[in-house]
Amino acid sequence: MNILITGCNGQLGTEMRNLSATHPNHKYFFTDVAGTDAGDVQKLDITDRDAIKQFVAENAIDLIVNCAAYTNVDKAEEDEATARLINAQAVQNLGLAGTKVIHISTDYVFSGSESTPYLESDAVAPRTAYGRTKLEGEQLLTAANPEAVIIRTAWLYSPYGNNFVKTMLRLGAERDELRVVDDQIGTPTYAADLAAAIYAVIEAPEWHAGIYHFTDEGVCSWYDFTVEILRQAGIACKVTPIRSEEYAYKTPRPKYSVLDKTKIKRTFNIHIPEWQDSLAKCLVRL
């Protein structure tokens with residue numbers, strides 16, 4: 001297939017580029033809104049519907065994997081219009097391009113107020129502008145392209161860009177103590193694992209449209225995650241658990257973000273690693 005992968009300067013997009021070498025039976029077109037100086041990522045603005053249609057036609061694209069998103073939760077509250085442009089309208093543009101689509105969504109489409117892992121069929125109730133725009137993207141894509149695959153994920157990190165793991169490594173080395181919330185529960189997701197799952201969907205003998213959930217295995221709080229990051233990295237820094245109310249969040253965070261992954265594991269025969277093991281792999285790379 002000819003595969004267009006968008007958002008290739010981000011965490012997931014970069015891991016998709018890295019893994020593409022292990023799937024050489026396809027031709028890849030890596031794009032981002034800015035491109036790269038090296039030329040390995042072409043410039044493509046997915047908010048421009050005509051530009052997408054032209055790119056798809058000129059390159060005979062069979063499949064689009066959308067790794068692009070507006071992910072700054074706090075800024076989305078201040079500029080919901082821009083978040084909607086990227087997270088919803090651009091996703092609709094991709095859905096109307098006349099190809100298969102794999103799109104990445106988020107746990108933020110849920111309220112975060114439950115206490116059991118979320119199923120794909122559970123009621124959505126986003127509490128933030130980010131969550132609202134990502135949900136709208138899911139809905140617009142499904143309406144435009146009912147055969148699309150949507151994969152919701154959470155707590156993404158990698159050796160690239162800005163993420164929680166890299167921040168805690170930096171702060172842990174700079175400070176004697178870190179205060180981290182222990183009442184927000186979820187599962188860290190190594191972007192390389194998510195990329196591998198996407199390739200499993202691509203390589204599946206049959207196309208299985210629908211919504212799926214993917215994170216690494218296991219459950220922890222941000223406090224637990226921090227303790228494990230510093231332990232594995234050999235950084236001696238005290239970590240103190242605090243409540244969410246003690247941290248000055250501009251935007252509410254989900255209290256519970258655990259996603260049930262049964263559907264994706266069964267449909268695509270995917271083995272998902274424990275989050276602690278994937279963290280170790282990431283730290284080696286860092």
# chains A, B, ... in the order shown; residues from 1 in each chain; ligands from 1
>>> residues_around(residues="stretch 223-238 of chain A", least_positions_apart="4", cutoff="8 Å", atoms="only C-alpha atoms", output="PyMOL selection string")
chain A and resi 165+168-169+172-173+175-178+180-182+188+276+279-280+283
>>> closest_atom_pairs(of="stretch 58-164 of chain A", to="stretch 6-11 of chain A", cutoff="6 Å", atoms="only C-alpha atoms", output="CSV")
residue,atom,partner,partner_atom,distance
A:Asn66,CA,A:Thr6,CA,5.0
A:Cys67,CA,A:Gly7,CA,4.8
A:Ala68,CA,A:Gly7,CA,3.9
A:Tyr160,CA,A:Gln11,CA,5.4
>>> write_last_selection(atoms="all heavy atoms", output="mmCIF file, in the first residue's frame")
data_model
loop_
_atom_site.group_PDB
_atom_site.id
_atom_site.type_symbol
_atom_site.label_atom_id
_atom_site.label_comp_id
_atom_site.auth_asym_id
_atom_site.auth_seq_id
_atom_site.Cartn_x
_atom_site.Cartn_y
_atom_site.Cartn_z
ATOM 1 N N ASN A 66 -3.403 9.058 10.903
ATOM 2 C CA ASN A 66 -3.346 10.418 11.430
ATOM 3 C C ASN A 66 -2.765 10.450 12.836
ATOM 4 O O ASN A 66 -3.430 10.085 13.813
ATOM 5 C CB ASN A 66 -4.736 11.054 11.432
ATOM 6 C CG ASN A 66 -4.671 12.495 11.913
ATOM 7 O OD1 ASN A 66 -3.708 13.211 11.623
ATOM 8 N ND2 ASN A 66 -5.685 12.926 12.634
ATOM 9 N N CYS A 67 -1.527 10.898 12.942
ATOM 10 C CA CYS A 67 -0.859 11.055 14.235
ATOM 11 C C CYS A 67 -0.827 12.518 14.681
ATOM 12 O O CYS A 67 -0.227 12.853 15.710
ATOM 13 C CB CYS A 67 0.576 10.529 14.161
ATOM 14 S SG CYS A 67 0.706 8.805 13.677
ATOM 15 N N ALA A 68 -1.452 13.403 13.907
ATOM 16 C CA ALA A 68 -1.453 14.830 14.221
ATOM 17 C C ALA A 68 -2.568 15.152 15.198
ATOM 18 O O ALA A 68 -3.659 14.584 15.122
ATOM 19 C CB ALA A 68 -1.622 15.648 12.945
ATOM 20 N N TYR A 160 11.034 11.398 22.462
ATOM 21 C CA TYR A 160 10.920 12.608 21.645
ATOM 22 C C TYR A 160 9.952 13.616 22.255
ATOM 23 O O TYR A 160 9.028 13.254 22.977
ATOM 24 C CB TYR A 160 10.444 12.236 20.232
ATOM 25 C CG TYR A 160 11.243 11.127 19.615
ATOM 26 C CD1 TYR A 160 10.717 9.840 19.504
ATOM 27 C CD2 TYR A 160 12.545 11.340 19.155
ATOM 28 C CE1 TYR A 160 11.459 8.807 18.953
ATOM 29 C CE2 TYR A 160 13.288 10.318 18.606
ATOM 30 C CZ TYR A 160 12.750 9.048 18.510
ATOM 31 O OH TYR A 160 13.501 8.029 17.970
#
>>> closest_atom_pairs(of="stretch 13-106 of chain A", to="stretch 213-221 of chain A", cutoff="12 Å", atoms="only C-alpha atoms", output="CSV")
residue,atom,partner,partner_atom,distance
A:His103,CA,A:His213,CA,11.7
A:Ile104,CA,A:His213,CA,9.7
A:Ser105,CA,A:His213,CA,9.0
A:Thr106,CA,A:His213,CA,8.8
>>> closest_residue(among="A:Ile102, A:Ile185, A:Val33, A:Ala69", to="A:Tyr199", atoms="only C-alpha atoms")
A:Ile102
>>> closest_residue(among="A:Leu286, A:Val41, A:Thr99, A:Thr22", to="A:Arg170", atoms="only C-alpha atoms")
A:Leu286
>>> closest_residue(among="A:Lys281, A:Arg243, A:His208, A:His23", to="A:Ile150", atoms="only C-alpha atoms")
A:His208
>>> closest_atom_pairs(of="stretch 166-208 of chain A", to="stretch 246-263 of chain A", cutoff="7 Å", atoms="only C-alpha atoms", output="tab-separated table")
residue	atom	partner	partner_atom	distance
A:Asp183	CA	A:Lys255	CA	6.5
A:Gln184	CA	A:Lys255	CA	4.3
A:Ile185	CA	A:Tyr256	CA	4.8
A:Gly186	CA	A:Ser257	CA	4.5
A:Thr187	CA	A:Val258	CA	6.1
>>> atom_distance(atom1="atom CA of A:Glu206", atom2="atom CA of A:Asp122")
25.4 Å
>>> residues_around(residues="A:Arg17", least_positions_apart="3", cutoff="10 Å", atoms="only C-alpha atoms", output="list in words")
Ile5, Cys8, Asn9, Leu12, Gly13, Thr14, Ser20, Ala21, Thr22, Tyr28, Phe29, Phe30, Asp40, Val41 and Ala195 of chain A
>>> write_last_selection(atoms="N, CA, C and O atoms", output="JSON list (two decimals), in the first residue's frame")
[["chain", "number", "residue", "atom", "x", "y", "z"],
["A", 5, "ILE", "N", 1.29, 9.12, 6.43],
["A", 5, "ILE", "CA", 1.31, 9.25, 7.88],
["A", 5, "ILE", "C", 1.49, 10.73, 8.22],
["A", 5, "ILE", "O", 2.50, 11.34, 7.86],
["A", 8, "CYS", "N", 4.16, 13.69, 11.63],
["A", 8, "CYS", "CA", 5.38, 12.87, 11.77],
["A", 8, "CYS", "C", 6.52, 13.53, 12.53],
["A", 8, "CYS", "O", 7.58, 12.93, 12.68],
["A", 9, "ASN", "N", 6.32, 14.77, 12.98],
["A", 9, "ASN", "CA", 7.34, 15.38, 13.84],
["A", 9, "ASN", "C", 7.01, 15.19, 15.32],
["A", 9, "ASN", "O", 7.79, 15.57, 16.18],
["A", 12, "LEU", "N", 4.37, 10.11, 18.43],
["A", 12, "LEU", "CA", 3.90, 8.91, 17.76],
["A", 12, "LEU", "C", 4.34, 8.86, 16.30],
["A", 12, "LEU", "O", 4.77, 7.81, 15.81],
["A", 13, "GLY", "N", 4.25, 9.99, 15.62],
["A", 13, "GLY", "CA", 4.65, 10.04, 14.22],
["A", 13, "GLY", "C", 6.11, 9.67, 14.03],
["A", 13, "GLY", "O", 6.47, 8.98, 13.07],
["A", 14, "THR", "N", 6.96, 10.11, 14.95],
["A", 14, "THR", "CA", 8.38, 9.77, 14.87],
["A", 14, "THR", "C", 8.59, 8.27, 15.05],
["A", 14, "THR", "O", 9.39, 7.64, 14.35],
["A", 20, "SER", "N", 8.81, 1.97, 10.42],
["A", 20, "SER", "CA", 8.47, 1.71, 9.02],
["A", 20, "SER", "C", 9.52, 0.83, 8.34],
["A", 20, "SER", "O", 9.19, 0.05, 7.43],
["A", 21, "ALA", "N", 10.76, 0.90, 8.80],
["A", 21, "ALA", "CA", 11.82, 0.09, 8.19],
["A", 21, "ALA", "C", 11.58, -1.40, 8.40],
["A", 21, "ALA", "O", 12.08, -2.23, 7.62],
["A", 22, "THR", "N", 10.82, -1.75, 9.45],
["A", 22, "THR", "CA", 10.53, -3.16, 9.72],
["A", 22, "THR", "C", 9.28, -3.62, 8.96],
["A", 22, "THR", "O", 8.89, -4.79, 9.08],
["A", 28, "TYR", "N", 5.84, 4.68, 2.07],
["A", 28, "TYR", "CA", 5.38, 5.64, 3.08],
["A", 28, "TYR", "C", 5.59, 7.08, 2.63],
["A", 28, "TYR", "O", 6.61, 7.41, 2.01],
["A", 29, "PHE", "N", 4.63, 7.92, 3.01],
["A", 29, "PHE", "CA", 4.71, 9.35, 2.79],
["A", 29, "PHE", "C", 4.55, 10.01, 4.16],
["A", 29, "PHE", "O", 3.45, 10.04, 4.71],
["A", 30, "PHE", "N", 5.65, 10.50, 4.72],
["A", 30, "PHE", "CA", 5.64, 11.09, 6.05],
["A", 30, "PHE", "C", 5.45, 12.60, 5.92],
["A", 30, "PHE", "O", 6.21, 13.26, 5.19],
["A", 40, "ASP", "N", 12.98, 14.37, 5.02],
["A", 40, "ASP", "CA", 12.37, 13.05, 5.19],
["A", 40, "ASP", "C", 10.90, 13.16, 5.59],
["A", 40, "ASP", "O", 10.17, 12.17, 5.55],
["A", 41, "VAL", "N", 10.47, 14.36, 6.00],
["A", 41, "VAL", "CA", 9.06, 14.61, 6.28],
["A", 41, "VAL", "C", 8.60, 15.76, 5.40],
["A", 41, "VAL", "O", 9.12, 16.88, 5.47],
["A", 195, "ALA", "N", 2.73, 2.56, 18.22],
["A", 195, "ALA", "CA", 3.09, 2.48, 16.80],
["A", 195, "ALA", "C", 3.08, 1.03, 16.33],
["A", 195, "ALA", "O", 2.58, 0.73, 15.23]]
>>> atom_distance(atom1="atom CA of A:Arg152", atom2="atom CA of A:Lys134")
9.9 Å
>>> decode(residues="stretch 83-203 of chain A", atoms="C-alpha atoms", output="mmCIF file, in the first residue's frame")
data_model
loop_
_atom_site.group_PDB
_atom_site.id
_atom_site.type_symbol
_atom_site.label_atom_id
_atom_site.label_comp_id
_atom_site.auth_asym_id
_atom_site.auth_seq_id
_atom_site.Cartn_x
_atom_site.Cartn_y
_atom_site.Cartn_z
ATOM 1 C CA ALA A 83 -8.040 22.891 18.872
ATOM 2 C CA ARG A 84 -11.263 22.168 16.952
ATOM 3 C CA LEU A 85 -9.637 23.046 13.633
ATOM 4 C CA ILE A 86 -6.907 20.426 14.163
ATOM 5 C CA ASN A 87 -8.692 17.813 16.273
ATOM 6 C CA ALA A 88 -12.035 17.837 14.473
ATOM 7 C CA GLN A 89 -12.217 19.670 11.157
ATOM 8 C CA ALA A 90 -8.854 18.381 9.910
ATOM 9 C CA VAL A 91 -9.863 14.855 10.879
ATOM 10 C CA GLN A 92 -13.043 15.243 8.842
ATOM 11 C CA ASN A 93 -10.884 16.384 5.919
ATOM 12 C CA LEU A 94 -8.878 13.168 6.140
ATOM 13 C CA GLY A 95 -12.063 11.127 6.320
ATOM 14 C CA LEU A 96 -13.299 12.707 3.093
ATOM 15 C CA ALA A 97 -10.079 11.970 1.188
ATOM 16 C CA GLY A 98 -11.395 8.697 -0.245
ATOM 17 C CA THR A 99 -8.961 6.324 1.508
ATOM 18 C CA LYS A 100 -8.854 4.052 4.529
ATOM 19 C CA VAL A 101 -8.066 5.982 7.735
ATOM 20 C CA ILE A 102 -6.524 5.103 11.105
ATOM 21 C CA HIS A 103 -6.972 7.957 13.582
ATOM 22 C CA ILE A 104 -5.600 8.370 17.107
ATOM 23 C CA SER A 105 -7.914 9.673 19.822
ATOM 24 C CA THR A 106 -7.803 9.996 23.608
ATOM 25 C CA ASP A 107 -9.121 8.933 26.998
ATOM 26 C CA TYR A 108 -10.266 12.556 27.464
ATOM 27 C CA VAL A 109 -13.482 11.744 25.565
ATOM 28 C CA PHE A 110 -14.646 10.144 28.838
ATOM 29 C CA SER A 111 -15.575 11.948 32.057
ATOM 30 C CA GLY A 112 -12.826 10.243 34.060
ATOM 31 C CA SER A 113 -15.250 9.761 36.948
ATOM 32 C CA GLU A 114 -15.704 5.978 36.682
ATOM 33 C CA SER A 115 -13.792 3.300 38.591
ATOM 34 C CA THR A 116 -13.651 0.398 36.116
ATOM 35 C CA PRO A 117 -11.745 0.286 32.798
ATOM 36 C CA TYR A 118 -13.562 2.086 29.987
ATOM 37 C CA LEU A 119 -14.963 0.004 27.142
ATOM 38 C CA GLU A 120 -15.167 1.395 23.607
ATOM 39 C CA SER A 121 -18.962 1.317 23.936
ATOM 40 C CA ASP A 122 -19.130 3.269 27.209
ATOM 41 C CA ALA A 123 -20.835 6.657 27.265
ATOM 42 C CA VAL A 124 -18.591 9.596 26.348
ATOM 43 C CA ALA A 125 -18.703 12.798 28.399
ATOM 44 C CA PRO A 126 -15.658 15.034 27.852
ATOM 45 C CA ARG A 127 -15.023 17.675 30.521
ATOM 46 C CA THR A 128 -12.462 19.789 28.646
ATOM 47 C CA ALA A 129 -12.103 21.616 25.343
ATOM 48 C CA TYR A 130 -9.425 19.122 24.350
ATOM 49 C CA GLY A 131 -11.754 16.202 25.045
ATOM 50 C CA ARG A 132 -14.681 17.873 23.285
ATOM 51 C CA THR A 133 -12.692 18.569 20.122
ATOM 52 C CA LYS A 134 -11.203 15.065 20.050
ATOM 53 C CA LEU A 135 -14.661 13.543 20.423
ATOM 54 C CA GLU A 136 -15.968 15.774 17.660
ATOM 55 C CA GLY A 137 -13.116 14.525 15.478
ATOM 56 C CA GLU A 138 -14.169 10.930 16.134
ATOM 57 C CA GLN A 139 -17.774 11.720 15.243
ATOM 58 C CA LEU A 140 -16.970 13.695 12.092
ATOM 59 C CA LEU A 141 -14.577 11.000 10.892
ATOM 60 C CA THR A 142 -17.080 8.202 11.473
ATOM 61 C CA ALA A 143 -19.771 10.149 9.598
ATOM 62 C CA ALA A 144 -17.427 10.914 6.684
ATOM 63 C CA ASN A 145 -15.775 7.499 6.600
ATOM 64 C CA PRO A 146 -17.684 4.716 8.410
ATOM 65 C CA GLU A 147 -14.861 2.264 7.660
ATOM 66 C CA ALA A 148 -12.300 4.252 9.671
ATOM 67 C CA VAL A 149 -10.330 2.791 12.579
ATOM 68 C CA ILE A 150 -10.113 4.977 15.695
ATOM 69 C CA ILE A 151 -7.632 4.108 18.452
ATOM 70 C CA ARG A 152 -7.970 5.868 21.811
ATOM 71 C CA THR A 153 -4.867 6.032 23.982
ATOM 72 C CA ALA A 154 -3.623 7.759 27.146
ATOM 73 C CA TRP A 155 -0.522 8.986 29.028
ATOM 74 C CA LEU A 156 1.726 8.863 25.950
ATOM 75 C CA TYR A 157 5.505 9.244 26.285
ATOM 76 C CA SER A 158 8.631 8.594 24.204
ATOM 77 C CA PRO A 159 12.244 9.752 23.821
ATOM 78 C CA TYR A 160 10.920 12.608 21.645
ATOM 79 C CA GLY A 161 9.233 15.927 22.309
ATOM 80 C CA ASN A 162 7.841 17.038 25.657
ATOM 81 C CA ASN A 163 6.278 14.422 27.922
ATOM 82 C CA PHE A 164 5.908 13.393 31.554
ATOM 83 C CA VAL A 165 8.847 10.972 31.617
ATOM 84 C CA LYS A 166 11.347 13.505 30.309
ATOM 85 C CA THR A 167 9.995 16.191 32.627
ATOM 86 C CA MET A 168 10.301 13.992 35.727
ATOM 87 C CA LEU A 169 13.836 12.949 34.759
ATOM 88 C CA ARG A 170 14.828 16.615 34.480
ATOM 89 C CA LEU A 171 13.079 17.763 37.659
ATOM 90 C CA GLY A 172 14.246 14.734 39.620
ATOM 91 C CA ALA A 173 17.857 15.582 38.791
ATOM 92 C CA GLU A 174 17.352 19.261 39.696
ATOM 93 C CA ARG A 175 15.377 19.021 42.931
ATOM 94 C CA ASP A 176 15.476 17.266 46.287
ATOM 95 C CA GLU A 177 11.731 16.608 46.332
ATOM 96 C CA LEU A 178 8.877 16.259 43.841
ATOM 97 C CA ARG A 179 5.200 16.547 44.789
ATOM 98 C CA VAL A 180 3.055 14.451 42.447
ATOM 99 C CA VAL A 181 -0.664 13.678 42.451
ATOM 100 C CA ASP A 182 -1.656 10.172 43.516
ATOM 101 C CA ASP A 183 -5.420 10.336 42.932
ATOM 102 C CA GLN A 184 -5.360 10.329 39.125
ATOM 103 C CA ILE A 185 -5.233 6.764 37.833
ATOM 104 C CA GLY A 186 -4.330 5.522 34.365
ATOM 105 C CA THR A 187 -1.761 3.632 32.328
ATOM 106 C CA PRO A 188 1.450 5.011 30.792
ATOM 107 C CA THR A 189 1.763 4.292 27.066
ATOM 108 C CA TYR A 190 5.118 4.025 25.299
ATOM 109 C CA ALA A 191 4.632 5.567 21.863
ATOM 110 C CA ALA A 192 6.701 2.798 20.246
ATOM 111 C CA ASP A 193 4.191 0.229 21.561
ATOM 112 C CA LEU A 194 1.276 2.206 20.136
ATOM 113 C CA ALA A 195 3.095 2.485 16.802
ATOM 114 C CA ALA A 196 3.603 -1.299 16.776
ATOM 115 C CA ALA A 197 -0.125 -1.769 17.422
ATOM 116 C CA ILE A 198 -0.963 0.528 14.514
ATOM 117 C CA TYR A 199 1.252 -1.545 12.227
ATOM 118 C CA ALA A 200 -0.571 -4.660 13.467
ATOM 119 C CA VAL A 201 -3.832 -3.060 12.344
ATOM 120 C CA ILE A 202 -2.277 -2.184 8.979
ATOM 121 C CA GLU A 203 -0.893 -5.694 8.458
#
